[in-house]
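The structure file input-v9.txt is reproduced below (compact mmCIF, C-alpha atoms (C1' of nucleotides)).
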```
# COMPACT_ATOMS: atom_id res chain seq x y z
CA MET A 1 0.00 0.00 0.00
CA LYS A 2 3.09 2.22 0.08
CA THR A 3 3.55 4.66 -2.77
CA SER A 4 6.87 2.97 -3.62
CA THR A 5 8.55 3.91 -6.87
CA GLY A 6 5.25 4.08 -8.69
CA SER A 7 6.59 2.44 -11.80
CA ARG A 8 7.16 -0.90 -10.09
CA ARG A 9 3.62 -0.70 -8.82
CA ALA A 10 2.29 -0.04 -12.32
CA GLU A 11 4.40 -2.88 -13.67
CA LEU A 12 2.95 -5.32 -11.17
CA LEU A 13 -0.59 -4.12 -11.84
CA ALA A 14 -0.17 -4.61 -15.58
CA LEU A 15 1.10 -8.13 -14.92
CA ALA A 16 -1.82 -8.88 -12.62
CA ALA A 17 -4.29 -7.46 -15.13
CA SER A 18 -3.10 -9.69 -17.94
CA LEU A 19 -3.26 -12.75 -15.68
CA PHE A 20 -6.72 -11.84 -14.39
CA ALA A 21 -7.87 -11.37 -17.99
CA GLU A 22 -6.38 -14.64 -19.20
CA ARG A 23 -7.16 -17.06 -16.38
CA GLY A 24 -9.94 -15.24 -14.56
CA TYR A 25 -9.72 -13.36 -11.27
CA VAL A 26 -10.53 -16.24 -8.92
CA SER A 27 -8.34 -18.74 -10.72
CA THR A 28 -5.35 -16.42 -10.63
CA THR A 29 -3.45 -16.84 -7.36
CA VAL A 30 -1.21 -14.26 -5.77
CA ARG A 31 1.56 -16.78 -6.30
CA ASP A 32 0.84 -16.71 -10.05
CA ILE A 33 1.25 -12.95 -10.07
CA ALA A 34 4.40 -13.06 -7.99
CA ASP A 35 5.87 -15.80 -10.21
CA ALA A 36 5.22 -13.72 -13.31
CA ALA A 37 6.98 -10.80 -11.63
CA GLY A 38 9.91 -12.97 -10.60
CA ILE A 39 9.38 -12.44 -6.87
CA LEU A 40 7.78 -14.43 -4.05
CA SER A 41 4.14 -14.11 -3.10
CA GLY A 42 4.82 -12.47 0.25
CA SER A 43 6.73 -9.66 -1.46
CA LEU A 44 3.57 -8.57 -3.31
CA TYR A 45 2.11 -7.42 0.00
CA HIS A 46 4.74 -4.72 0.25
CA HIS A 47 3.01 -3.08 -2.73
CA PHE A 48 -0.63 -4.02 -2.22
CA ASP A 49 -2.98 -4.71 0.67
CA SER A 50 -4.63 -7.68 -0.95
CA LYS A 51 -5.55 -9.38 -4.20
CA GLU A 52 -8.83 -7.48 -4.15
CA SER A 53 -6.95 -4.17 -3.92
CA MET A 54 -5.13 -5.03 -7.12
CA ALA A 55 -8.36 -5.71 -8.98
CA GLU A 56 -9.89 -2.54 -7.58
CA GLU A 57 -6.98 -0.38 -8.67
CA ILE A 58 -6.99 -1.94 -12.14
CA LEU A 59 -10.70 -1.33 -12.65
CA THR A 60 -10.91 2.19 -11.22
CA GLY A 61 -7.94 3.32 -13.29
CA PHE A 62 -9.50 1.93 -16.43
CA LEU A 63 -13.02 3.21 -15.79
CA ASP A 64 -11.88 6.71 -14.85
CA GLU A 65 -9.97 6.95 -18.11
CA LEU A 66 -12.88 5.56 -20.14
CA PHE A 67 -15.52 7.86 -18.68
CA GLY A 68 -13.19 10.81 -19.08
CA THR A 69 -13.15 10.06 -22.80
CA TYR A 70 -16.93 9.73 -22.91
CA ALA A 71 -17.32 13.07 -21.12
CA GLU A 72 -15.13 14.74 -23.74
CA ILE A 73 -17.25 13.31 -26.53
CA LEU A 74 -20.48 14.51 -24.93
CA ALA A 75 -18.98 17.94 -24.28
CA ALA A 76 -18.27 18.29 -27.99
CA GLY A 77 -22.03 18.63 -28.48
CA GLN A 78 -22.29 16.89 -31.81
CA SER A 79 -25.42 15.40 -33.38
CA PRO A 80 -26.90 12.18 -31.91
CA ARG A 81 -25.58 10.18 -34.81
CA GLU A 82 -22.09 11.66 -34.62
CA THR A 83 -22.08 11.19 -30.86
CA LEU A 84 -23.12 7.54 -31.22
CA GLU A 85 -20.39 6.96 -33.77
CA ALA A 86 -17.80 8.64 -31.56
CA VAL A 87 -18.76 6.67 -28.46
CA VAL A 88 -18.68 3.37 -30.36
CA ALA A 89 -15.32 4.26 -31.90
CA ALA A 90 -13.90 5.27 -28.50
CA SER A 91 -15.11 2.00 -26.99
CA PHE A 92 -13.40 -0.13 -29.63
CA GLU A 93 -10.35 2.07 -29.18
CA SER A 94 -10.31 1.23 -25.48
CA ILE A 95 -10.54 -2.48 -26.31
CA HIS A 96 -7.50 -1.93 -28.50
CA ARG A 97 -5.48 -0.09 -25.88
CA ARG A 98 -6.59 -1.84 -22.68
CA PRO A 99 -7.72 -5.35 -23.67
CA ALA A 100 -6.92 -6.89 -20.29
CA GLU A 101 -8.82 -4.24 -18.35
CA VAL A 102 -11.86 -4.50 -20.61
CA ALA A 103 -11.80 -8.30 -20.34
CA ILE A 104 -11.69 -8.11 -16.54
CA TYR A 105 -14.53 -5.62 -16.50
CA GLN A 106 -16.54 -7.87 -18.80
CA SER A 107 -15.89 -11.16 -17.05
CA GLU A 108 -15.56 -10.27 -13.40
CA ALA A 109 -17.57 -7.11 -12.73
CA LYS A 110 -20.79 -9.07 -12.14
CA HIS A 111 -19.23 -11.08 -9.34
CA LEU A 112 -16.95 -8.37 -7.93
CA MET A 113 -19.89 -5.97 -7.69
CA GLN A 114 -21.29 -8.08 -4.87
CA LEU A 115 -18.36 -7.04 -2.68
CA PRO A 116 -18.92 -3.70 -0.88
CA ARG A 117 -15.62 -2.25 -2.05
CA PHE A 118 -16.69 -2.65 -5.67
CA ALA A 119 -20.06 -0.94 -5.22
CA TYR A 120 -18.88 1.94 -7.42
CA LEU A 121 -19.22 -0.42 -10.39
CA ASN A 122 -22.98 -0.04 -10.03
CA ASP A 123 -22.64 3.73 -10.38
CA ARG A 124 -20.55 3.33 -13.49
CA ASN A 125 -23.12 0.99 -15.00
CA ALA A 126 -25.88 3.51 -14.28
CA GLU A 127 -23.76 6.26 -15.81
CA PHE A 128 -23.19 4.15 -18.88
CA ARG A 129 -26.88 3.40 -19.23
CA ALA A 130 -27.81 7.09 -18.90
CA LEU A 131 -25.23 7.99 -21.55
CA TRP A 132 -26.64 5.55 -24.08
CA ASN A 133 -30.28 6.19 -23.34
CA GLY A 134 -29.60 9.91 -23.77
CA ILE A 135 -27.96 9.48 -27.15
CA LEU A 136 -30.68 7.13 -28.39
CA THR A 137 -33.56 9.26 -27.10
CA ASP A 138 -32.06 12.40 -28.64
CA GLY A 139 -31.68 10.55 -31.92
CA VAL A 140 -35.27 9.37 -31.95
CA THR A 141 -36.46 12.91 -31.12
CA ALA A 142 -34.34 14.29 -33.92
CA GLY A 143 -35.81 11.69 -36.27
CA VAL A 144 -32.52 10.07 -37.17
CA PHE A 145 -33.14 6.83 -35.24
CA ARG A 146 -36.23 4.67 -35.68
CA ALA A 147 -39.02 5.40 -33.23
CA ASP A 148 -40.44 1.86 -33.20
CA LEU A 149 -37.57 0.34 -31.26
CA ASP A 150 -37.32 -0.32 -27.53
CA ILE A 151 -34.61 2.12 -26.37
CA GLU A 152 -33.68 -0.01 -23.38
CA LEU A 153 -33.22 -3.07 -25.58
CA VAL A 154 -31.20 -1.18 -28.16
CA TYR A 155 -28.97 0.14 -25.39
CA ARG A 156 -28.31 -3.37 -24.13
CA PHE A 157 -27.56 -4.70 -27.58
CA ILE A 158 -25.10 -1.92 -28.35
CA ARG A 159 -23.40 -2.15 -24.98
CA ASP A 160 -23.05 -5.92 -25.12
CA THR A 161 -21.96 -6.21 -28.72
CA VAL A 162 -19.32 -3.55 -28.41
CA TRP A 163 -17.71 -4.82 -25.22
CA VAL A 164 -17.95 -8.52 -25.91
CA ALA A 165 -15.69 -7.98 -28.92
CA VAL A 166 -12.80 -8.00 -26.47
CA ARG A 167 -13.10 -11.79 -26.53
CA TRP A 168 -11.90 -12.08 -30.10
CA TYR A 169 -10.31 -8.74 -30.97
CA ASN A 170 -6.55 -8.97 -31.42
CA PRO A 171 -4.67 -5.69 -30.84
CA ASP A 172 -1.77 -7.00 -32.90
CA GLY A 173 -3.93 -8.35 -35.71
CA ALA A 174 -4.53 -6.99 -39.20
CA LEU A 175 -8.04 -5.81 -38.37
CA SER A 176 -7.80 -2.40 -36.66
CA ALA A 177 -10.16 -1.12 -34.00
CA GLU A 178 -11.23 1.61 -36.44
CA ALA A 179 -12.13 -0.98 -39.08
CA VAL A 180 -14.13 -3.01 -36.57
CA ALA A 181 -15.96 0.11 -35.39
CA GLU A 182 -16.80 1.07 -38.97
CA GLN A 183 -18.17 -2.38 -39.82
CA TYR A 184 -20.08 -2.53 -36.57
CA LEU A 185 -21.65 0.89 -37.10
CA GLY A 186 -22.59 -0.19 -40.62
CA ILE A 187 -24.54 -3.12 -39.21
CA LEU A 188 -26.05 -1.24 -36.30
CA LEU A 189 -27.22 1.78 -38.29
CA ASP A 190 -28.25 0.21 -41.59
CA GLY A 191 -28.60 -3.51 -40.94
CA ILE A 192 -27.33 -6.44 -42.96
CA ALA A 193 -30.34 -6.75 -45.26
CA THR A 194 -30.15 -5.32 -48.76
CA LYS A 195 -33.65 -3.91 -48.64
CA ARG A 196 -35.69 -2.51 -45.82
CA ARG A 197 -38.66 -4.69 -45.02
CA PRO A 198 -42.09 -3.10 -45.13
CA ALA A 199 -42.71 -1.96 -41.55
CA LYS A 200 -44.17 -4.97 -39.79
CA ARG A 201 -46.59 -4.11 -37.00
CA ARG A 202 -48.42 -6.49 -34.70
CA MET B 1 -20.84 -42.13 -11.43
CA LYS B 2 -23.52 -44.75 -10.83
CA THR B 3 -26.67 -44.48 -12.91
CA SER B 4 -28.70 -44.17 -9.69
CA THR B 5 -32.35 -43.23 -9.97
CA GLY B 6 -31.65 -40.82 -12.78
CA SER B 7 -34.00 -38.20 -11.47
CA ARG B 8 -31.92 -37.49 -8.37
CA ARG B 9 -28.94 -37.10 -10.64
CA ALA B 10 -30.80 -34.62 -12.86
CA GLU B 11 -31.97 -32.76 -9.79
CA LEU B 12 -28.43 -32.37 -8.52
CA LEU B 13 -27.18 -31.31 -11.94
CA ALA B 14 -29.84 -28.61 -12.21
CA LEU B 15 -28.85 -27.35 -8.78
CA ALA B 16 -25.17 -27.31 -9.72
CA ALA B 17 -25.95 -25.55 -12.99
CA SER B 18 -27.78 -22.70 -11.33
CA LEU B 19 -24.98 -22.25 -8.80
CA PHE B 20 -22.29 -22.35 -11.49
CA ALA B 21 -24.25 -19.76 -13.46
CA GLU B 22 -24.80 -17.48 -10.50
CA ARG B 23 -21.45 -17.59 -8.70
CA GLY B 24 -19.16 -18.86 -11.43
CA TYR B 25 -17.71 -22.35 -11.79
CA VAL B 26 -14.49 -21.84 -9.82
CA SER B 27 -16.17 -19.90 -7.02
CA THR B 28 -18.81 -22.55 -6.52
CA THR B 29 -17.55 -25.27 -4.17
CA VAL B 30 -18.81 -28.81 -3.99
CA ARG B 31 -19.93 -27.90 -0.48
CA ASP B 32 -22.11 -25.15 -1.94
CA ILE B 33 -23.77 -27.67 -4.22
CA ALA B 34 -24.21 -30.22 -1.45
CA ASP B 35 -25.62 -27.57 0.88
CA ALA B 36 -28.15 -26.53 -1.73
CA ALA B 37 -29.17 -30.18 -2.10
CA GLY B 38 -29.42 -30.65 1.67
CA ILE B 39 -26.69 -33.28 1.83
CA LEU B 40 -23.00 -33.35 2.76
CA SER B 41 -20.24 -32.77 0.23
CA GLY B 42 -18.93 -36.33 0.40
CA SER B 43 -22.34 -37.67 -0.61
CA LEU B 44 -22.11 -35.91 -3.97
CA TYR B 45 -19.34 -38.27 -4.99
CA HIS B 46 -21.77 -41.15 -4.95
CA HIS B 47 -23.41 -39.50 -7.98
CA PHE B 48 -20.49 -37.85 -9.75
CA ASP B 49 -16.78 -38.46 -10.20
CA SER B 50 -15.80 -34.88 -9.69
CA LYS B 51 -16.85 -31.25 -9.95
CA GLU B 52 -15.50 -31.23 -13.50
CA SER B 53 -17.74 -34.16 -14.41
CA MET B 54 -20.77 -32.17 -13.34
CA ALA B 55 -19.82 -29.24 -15.54
CA GLU B 56 -19.11 -31.57 -18.43
CA GLU B 57 -22.45 -33.31 -18.16
CA ILE B 58 -24.29 -29.98 -17.92
CA LEU B 59 -22.60 -28.59 -21.02
CA THR B 60 -22.80 -31.68 -23.22
CA GLY B 61 -26.48 -32.12 -22.44
CA PHE B 62 -27.21 -28.53 -23.30
CA LEU B 63 -25.09 -28.41 -26.47
CA ASP B 64 -26.47 -31.68 -27.83
CA GLU B 65 -29.99 -30.35 -27.46
CA LEU B 66 -29.10 -26.97 -28.99
CA PHE B 67 -27.37 -28.39 -32.04
CA GLY B 68 -30.19 -30.83 -32.52
CA THR B 69 -32.52 -27.87 -32.87
CA TYR B 70 -30.15 -26.14 -35.29
CA ALA B 71 -29.95 -29.29 -37.40
CA GLU B 72 -33.74 -29.38 -37.66
CA ILE B 73 -33.83 -25.77 -38.81
CA LEU B 74 -31.21 -26.37 -41.49
CA ALA B 75 -33.00 -29.53 -42.62
CA ALA B 76 -36.15 -27.50 -43.25
CA GLY B 77 -34.33 -25.94 -46.20
CA GLN B 78 -35.83 -22.48 -45.97
CA SER B 79 -34.42 -19.28 -47.49
CA PRO B 80 -31.27 -17.72 -45.99
CA ARG B 81 -33.33 -14.99 -44.38
CA GLU B 82 -35.89 -17.38 -42.91
CA THR B 83 -33.10 -19.65 -41.71
CA LEU B 84 -31.33 -16.74 -40.04
CA GLU B 85 -34.54 -15.68 -38.33
CA ALA B 86 -35.23 -19.23 -37.17
CA VAL B 87 -31.72 -19.74 -35.78
CA VAL B 88 -31.83 -16.42 -33.90
CA ALA B 89 -35.28 -17.21 -32.54
CA ALA B 90 -34.19 -20.69 -31.45
CA SER B 91 -31.15 -19.22 -29.71
CA PHE B 92 -33.20 -16.76 -27.68
CA GLU B 93 -35.61 -19.60 -26.98
CA SER B 94 -32.75 -21.63 -25.52
CA ILE B 95 -31.76 -18.65 -23.34
CA HIS B 96 -35.35 -18.68 -22.11
CA ARG B 97 -35.45 -22.39 -21.36
CA ARG B 98 -31.89 -23.03 -20.21
CA PRO B 99 -30.57 -19.75 -18.81
CA ALA B 100 -28.12 -21.39 -16.42
CA GLU B 101 -26.62 -23.63 -19.07
CA VAL B 102 -26.22 -20.75 -21.53
CA ALA B 103 -24.64 -18.59 -18.83
CA ILE B 104 -22.14 -21.32 -17.99
CA TYR B 105 -21.31 -21.83 -21.64
CA GLN B 106 -20.84 -18.09 -22.05
CA SER B 107 -18.79 -17.45 -18.94
CA GLU B 108 -16.78 -20.60 -18.45
CA ALA B 109 -16.26 -22.27 -21.82
CA LYS B 110 -13.15 -20.22 -22.58
CA HIS B 111 -11.41 -21.44 -19.43
CA LEU B 112 -12.83 -24.97 -19.39
CA MET B 113 -11.77 -25.50 -23.00
CA GLN B 114 -8.16 -25.55 -21.87
CA LEU B 115 -8.82 -28.82 -20.04
CA PRO B 116 -8.47 -31.92 -22.28
CA ARG B 117 -11.86 -33.31 -21.27
CA PHE B 118 -13.56 -30.18 -22.61
CA ALA B 119 -11.85 -30.28 -25.99
CA TYR B 120 -15.19 -31.02 -27.67
CA LEU B 121 -16.16 -27.41 -27.01
CA ASN B 122 -13.77 -26.46 -29.79
CA ASP B 123 -15.65 -28.71 -32.19
CA ARG B 124 -18.95 -27.15 -31.22
CA ASN B 125 -17.53 -23.67 -31.77
CA ALA B 126 -16.31 -24.68 -35.22
CA GLU B 127 -19.72 -26.18 -35.99
CA PHE B 128 -21.41 -22.99 -34.89
CA ARG B 129 -19.12 -20.86 -37.02
CA ALA B 130 -19.73 -23.04 -40.08
CA LEU B 131 -23.48 -22.80 -39.54
CA TRP B 132 -23.46 -19.00 -39.45
CA ASN B 133 -20.96 -18.52 -42.23
CA GLY B 134 -23.11 -20.80 -44.39
CA ILE B 135 -26.29 -18.85 -43.76
CA LEU B 136 -24.59 -15.50 -44.34
CA THR B 137 -22.76 -16.60 -47.46
CA ASP B 138 -25.93 -18.08 -48.95
CA GLY B 139 -27.75 -14.85 -48.18
CA VAL B 140 -25.12 -12.70 -49.87
CA THR B 141 -25.16 -15.01 -52.90
CA ALA B 142 -28.95 -14.78 -53.03
CA GLY B 143 -28.69 -11.00 -52.82
CA VAL B 144 -30.70 -10.63 -49.64
CA PHE B 145 -27.74 -9.70 -47.42
CA ARG B 146 -25.36 -6.85 -48.19
CA ALA B 147 -22.22 -7.90 -50.05
CA ASP B 148 -19.98 -5.18 -48.63
CA LEU B 149 -19.81 -6.68 -45.13
CA ASP B 150 -17.10 -8.88 -43.66
CA ILE B 151 -18.88 -12.23 -43.16
CA GLU B 152 -16.55 -13.32 -40.38
CA LEU B 153 -17.18 -10.08 -38.47
CA VAL B 154 -20.93 -10.27 -38.96
CA TYR B 155 -20.88 -13.84 -37.68
CA ARG B 156 -19.05 -12.77 -34.52
CA PHE B 157 -21.40 -9.88 -33.90
CA ILE B 158 -24.50 -12.03 -34.28
CA ARG B 159 -23.11 -14.83 -32.16
CA ASP B 160 -21.97 -12.53 -29.37
CA THR B 161 -25.03 -10.30 -29.26
CA VAL B 162 -27.44 -13.18 -29.17
CA TRP B 163 -25.73 -15.19 -26.44
CA VAL B 164 -24.64 -12.30 -24.24
CA ALA B 165 -28.32 -11.45 -23.76
CA VAL B 166 -28.37 -14.23 -21.17
CA ARG B 167 -26.79 -11.72 -18.79
CA TRP B 168 -29.89 -9.56 -18.60
CA TYR B 169 -32.75 -11.67 -19.98
CA ASN B 170 -35.26 -12.66 -17.33
CA PRO B 171 -37.26 -15.84 -18.15
CA ASP B 172 -39.96 -14.73 -15.72
CA GLY B 173 -40.08 -11.13 -16.95
CA ALA B 174 -42.65 -9.38 -19.10
CA LEU B 175 -40.38 -9.33 -22.15
CA SER B 176 -40.64 -12.70 -23.89
CA ALA B 177 -37.85 -14.42 -25.79
CA GLU B 178 -39.92 -14.04 -28.97
CA ALA B 179 -40.23 -10.28 -28.43
CA VAL B 180 -36.49 -9.96 -27.84
CA ALA B 181 -35.76 -12.00 -30.97
CA GLU B 182 -38.08 -9.83 -33.03
CA GLN B 183 -36.52 -6.60 -31.82
CA TYR B 184 -33.04 -7.96 -32.29
CA LEU B 185 -33.76 -9.14 -35.84
CA GLY B 186 -35.20 -5.71 -36.57
CA ILE B 187 -31.91 -4.08 -35.60
CA LEU B 188 -29.71 -6.67 -37.24
CA LEU B 189 -31.54 -6.73 -40.56
CA ASP B 190 -32.59 -3.11 -40.98
CA GLY B 191 -30.49 -1.10 -38.54
CA ILE B 192 -31.54 1.61 -36.14
CA ALA B 193 -31.18 4.53 -38.54
CA THR B 194 -34.30 5.95 -40.20
CA LYS B 195 -32.64 6.32 -43.57
CA ARG B 196 -30.01 4.31 -45.26
CA ARG B 197 -26.81 6.25 -45.66
CA PRO B 198 -25.43 6.68 -49.15
CA ALA B 199 -23.01 3.76 -49.54
CA LYS B 200 -19.78 5.02 -48.03
CA ARG B 201 -16.69 3.56 -49.65
CA ARG B 202 -13.10 4.06 -48.59
C1' DG C 1 -28.01 -42.73 -0.79
C1' DT C 2 -26.13 -40.38 2.93
C1' DC C 3 -22.95 -39.55 6.80
C1' DT C 4 -18.49 -39.61 9.52
C1' DA C 5 -13.99 -38.50 9.34
C1' DT C 6 -10.09 -37.14 7.25
C1' DA C 7 -6.38 -36.76 3.90
C1' DA C 8 -3.54 -33.91 0.69
C1' DA C 9 -2.94 -29.90 -1.48
C1' DG C 10 -3.65 -25.16 -2.25
C1' DT C 11 -5.21 -20.46 -0.74
C1' DG C 12 -4.62 -15.37 0.90
C1' DA C 13 -2.13 -13.16 4.11
C1' DT C 14 1.42 -11.89 8.00
C1' DA C 15 5.89 -10.95 10.83
C1' DG C 16 10.31 -10.06 10.82
C1' DA C 17 15.15 -10.78 8.86
C1' DC C 18 18.11 -9.05 5.24
C1' DG D 1 12.03 -4.26 -2.04
C1' DT D 2 12.52 -8.98 -1.45
C1' DC D 3 12.95 -13.32 1.10
C1' DT D 4 12.20 -16.78 4.90
C1' DA D 5 8.96 -19.10 7.24
C1' DT D 6 4.62 -20.02 8.43
C1' DC D 7 -0.39 -19.57 9.93
C1' DA D 8 -5.19 -20.27 9.48
C1' DC D 9 -8.32 -21.65 6.46
C1' DT D 10 -10.58 -23.72 2.38
C1' DT D 11 -10.55 -26.83 -1.32
C1' DT D 12 -11.50 -31.41 -3.87
C1' DA D 13 -11.71 -35.94 -3.03
C1' DT D 14 -11.62 -40.64 -0.56
C1' DA D 15 -12.74 -44.84 2.60
C1' DG D 16 -15.76 -47.12 5.03
C1' DA D 17 -19.78 -47.19 8.42
C1' DC D 18 -24.79 -46.94 8.48
```

Rewrite the coordinates I just gave you, this time as structure tokens.
Amino acid sequence: MKTSTGSRRAELLALAASLFAERGYVSTTVRDIADAAGILSGSLYHHFDSKESMAEEILTGFLDELFGTYAEILAAGQSPRETLEAVVAASFESIHRRPAEVAIYQSEAKHLMQLPRFAYLNDRNAEFRALWNGILTDGVTAGVFRADLDIELVYRFIRDTVWVAVRWYNPDGALSAEAVAEQYLGILLDGIATKRRPAKRR
Amino acid sequence: MKTSTGSRRAELLALAASLFAERGYVSTTVRDIADAAGILSGSLYHHFDSKESMAEEILTGFLDELFGTYAEILAAGQSPRETLEAVVAASFESIHRRPAEVAIYQSEAKHLMQLPRFAYLNDRNAEFRALWNGILTDGVTAGVFRADLDIELVYRFIRDTVWVAVRWYNPDGALSAEAVAEQYLGILLDGIATKRRPAKRR
DNA sequence: GTCTATAAAGTGATAGAC
DNA sequence: GTCTATCACTTTATAGAC
């Protein structure tokens, strides 16, 4: 819990994050982390209070950065469609730059959230939901998004599809985050069908 | 590993499945399962070889059923669009009927697959990929799906968006699996935008 | 089919020497 | 900042009585 050099701390956190992402938080032991760092497990406790502290620090750092980016996009005050495109692009960008952190958030948040110290994850989820519902509602009002869709459902589909891409996206691969975002927005906005169906009502 | 009554075995498996889904496979102990069943942990080993065996039996049972349904849909020989709609509907239907099993497959398959006894999960993934790529390719050939999309990417998006819905779908809620499937197909096929953009080429 | 009792190994974490 | 040494606890799994 000491401040230590700061860089060593960051180094250990990065190591822990990649192990958490790869093997899962519960399956990763403090010995695994220490081994990867070339030290013994007891030595880790000079830098961190507990295994939970490591996960907490990894997630808060990531989420603060991510929501800072979202705030900038919203502050730019663009159209609903441009805002949606920017938020989707920024999300894929974060998968590109912080794959381990996104993977941990995706896979472990649900379980970690049950611990009191991770209660802030609920706030972030609510913030995320408000962000998307705002964009979608504005777009429907402006007439650029279809009015016959369930906003809440659309929000969930967008959220899930974007983030779950961390499972297969390869930061070192030929397919860039920008290319994925473009393809994804193409599907989301215009669909995969060649012709629009006649509006089908029940 | 005895055959036992059969029904007691199924009862215990259903209990284990819901615990695995809720708390995660690694975090769920055999004591948790035994407690939920009202017996002691040692007694579980009269029915099953190991904790791994329980997970294996849960997943194989679920996947055999699911791919049986897919095979029936393909055998019906409908159009690419009808086939796509039927496969999506059947997938949401399976989330409705077997939420725990889907959740386990979603959350744990990646880690379980690294164990030799779960190698068949790789085969199922390949089978699933072939199924989707076939439907999408047929649809592009028939001119009903856009030709400018990356089939592999579209496959991943469909697969992920459909299955990840298990995280929020409530089998007892007001929103039925059919309604979710309909909304989802509306987005996937036609997009959320009110007007198609002029085809944007790079 | 369940319980008693327990083994064998692994877990997160600590205190103090270097 | 790391190591030595170790504690207290939990884990999966087993053997045999009932």

Grab the atom CA of Ser27 of chain A to atom CA of Ala109 of chain B distance for me, in Å with one decimal place.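 That distance, rounded to one decimal, is 14.1 Å.
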
Neighbours of chain B in chain A at 10 Å, counting all atoms listed in the file, as JSON, numbers by chain: {"A": [22, 23, 24, 25, 26, 27, 81, 106, 107, 108, 110, 111, 136, 139, 140, 143, 144, 145, 146, 147, 148, 149, 150, 153, 154, 156, 157, 158, 159, 160, 161, 162, 163, 164, 165, 167, 168, 180, 183, 184, 185, 186, 187, 188, 189, 190, 191, 192, 193, 194, 195, 196, 197, 199, 200]}

File dump, residues just selected, C-alpha atoms, as a short mmCIF file (atom, residue, chain, number, x, y, z; two decimals), in the frame of the given file:
```cif
data_model
loop_
_atom_site.label_atom_id
_atom_site.label_comp_id
_atom_site.auth_asym_id
_atom_site.auth_seq_id
_atom_site.Cartn_x
_atom_site.Cartn_y
_atom_site.Cartn_z
CA GLU A 22 -6.38 -14.64 -19.20
CA ARG A 23 -7.16 -17.06 -16.38
CA GLY A 24 -9.94 -15.24 -14.56
CA TYR A 25 -9.72 -13.36 -11.27
CA VAL A 26 -10.53 -16.24 -8.92
CA SER A 27 -8.34 -18.74 -10.72
CA ARG A 81 -25.58 10.18 -34.81
CA GLN A 106 -16.54 -7.87 -18.80
CA SER A 107 -15.89 -11.16 -17.05
CA GLU A 108 -15.56 -10.27 -13.40
CA LYS A 110 -20.79 -9.07 -12.14
CA HIS A 111 -19.23 -11.08 -9.34
CA LEU A 136 -30.68 7.13 -28.39
CA GLY A 139 -31.68 10.55 -31.92
CA VAL A 140 -35.27 9.37 -31.95
CA GLY A 143 -35.81 11.69 -36.27
CA VAL A 144 -32.52 10.07 -37.17
CA PHE A 145 -33.14 6.83 -35.24
CA ARG A 146 -36.23 4.67 -35.68
CA ALA A 147 -39.02 5.40 -33.23
CA ASP A 148 -40.44 1.86 -33.20
CA LEU A 149 -37.57 0.34 -31.26
CA ASP A 150 -37.32 -0.32 -27.53
CA LEU A 153 -33.22 -3.07 -25.58
CA VAL A 154 -31.20 -1.18 -28.16
CA ARG A 156 -28.31 -3.37 -24.13
CA PHE A 157 -27.56 -4.70 -27.58
CA ILE A 158 -25.10 -1.92 -28.35
CA ARG A 159 -23.40 -2.15 -24.98
CA ASP A 160 -23.05 -5.92 -25.12
CA THR A 161 -21.96 -6.21 -28.72
CA VAL A 162 -19.32 -3.55 -28.41
CA TRP A 163 -17.71 -4.82 -25.22
CA VAL A 164 -17.95 -8.52 -25.91
CA ALA A 165 -15.69 -7.98 -28.92
CA ARG A 167 -13.10 -11.79 -26.53
CA TRP A 168 -11.90 -12.08 -30.10
CA VAL A 180 -14.13 -3.01 -36.57
CA GLN A 183 -18.17 -2.38 -39.82
CA TYR A 184 -20.08 -2.53 -36.57
CA LEU A 185 -21.65 0.89 -37.10
CA GLY A 186 -22.59 -0.19 -40.62
CA ILE A 187 -24.54 -3.12 -39.21
CA LEU A 188 -26.05 -1.24 -36.30
CA LEU A 189 -27.22 1.78 -38.29
CA ASP A 190 -28.25 0.21 -41.59
CA GLY A 191 -28.60 -3.51 -40.94
CA ILE A 192 -27.33 -6.44 -42.96
CA ALA A 193 -30.34 -6.75 -45.26
CA THR A 194 -30.15 -5.32 -48.76
CA LYS A 195 -33.65 -3.91 -48.64
CA ARG A 196 -35.69 -2.51 -45.82
CA ARG A 197 -38.66 -4.69 -45.02
CA ALA A 199 -42.71 -1.96 -41.55
CA LYS A 200 -44.17 -4.97 -39.79
#
```

Find the residues in chain B near chain D: any atom within 10 Å counts, using only C-alpha atoms (C1' of nucleotides). Write them as a ChimeraX atom specification. /B:29-31,41-42,45,49-51

Using only C-alpha atoms (C1' of nucleotides), I'd like a table of the residues in chain C that come within 9 Å of chain A; for each, show the closest atom pair and its distance in Å rounded to one decimal, ordered by chain and ascending number, as a tab-separated table.
```
residue	atom	partner	partner_atom	distance
C:DT11	C1'	A:Thr29	CA	7.7
C:DG12	C1'	A:Val30	CA	7.6
C:DA13	C1'	A:Ser50	CA	7.9
C:DT14	C1'	A:Gly42	CA	8.5
```

Test item: axis-aligned box, all listed atoms of segment 180-186 of chain B, 6 Å on each side, centre and edges in Å rounded to one decimal, as AutoDock Vina command-line options:
```
--center_x -35.6 --center_y -8.9 --center_z -32.2 --size_x 17.0 --size_y 18.3 --size_z 20.7
```

Go through B:Asn125, B:Gln78, B:Ser43, B:Gln114 and flag the residue nearest DT4 of chain C, using only C-alpha atoms (C1' of nucleotides) for the distances.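 Nearest to DT4 of chain C: B:Ser43.
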
For the atom pair atom CA of Leu63 of chain A and atom CA of Asn170 of chain A, what is the interatomic distance in Å to one decimal place?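 Separation between atom CA of Leu63 of chain A and atom CA of Asn170 of chain A: 20.8 Å.
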
So how many Å separate atom CA of Phe92 of chain B and atom CA of Gly77 of chain B, to one decimal? 20.7 Å
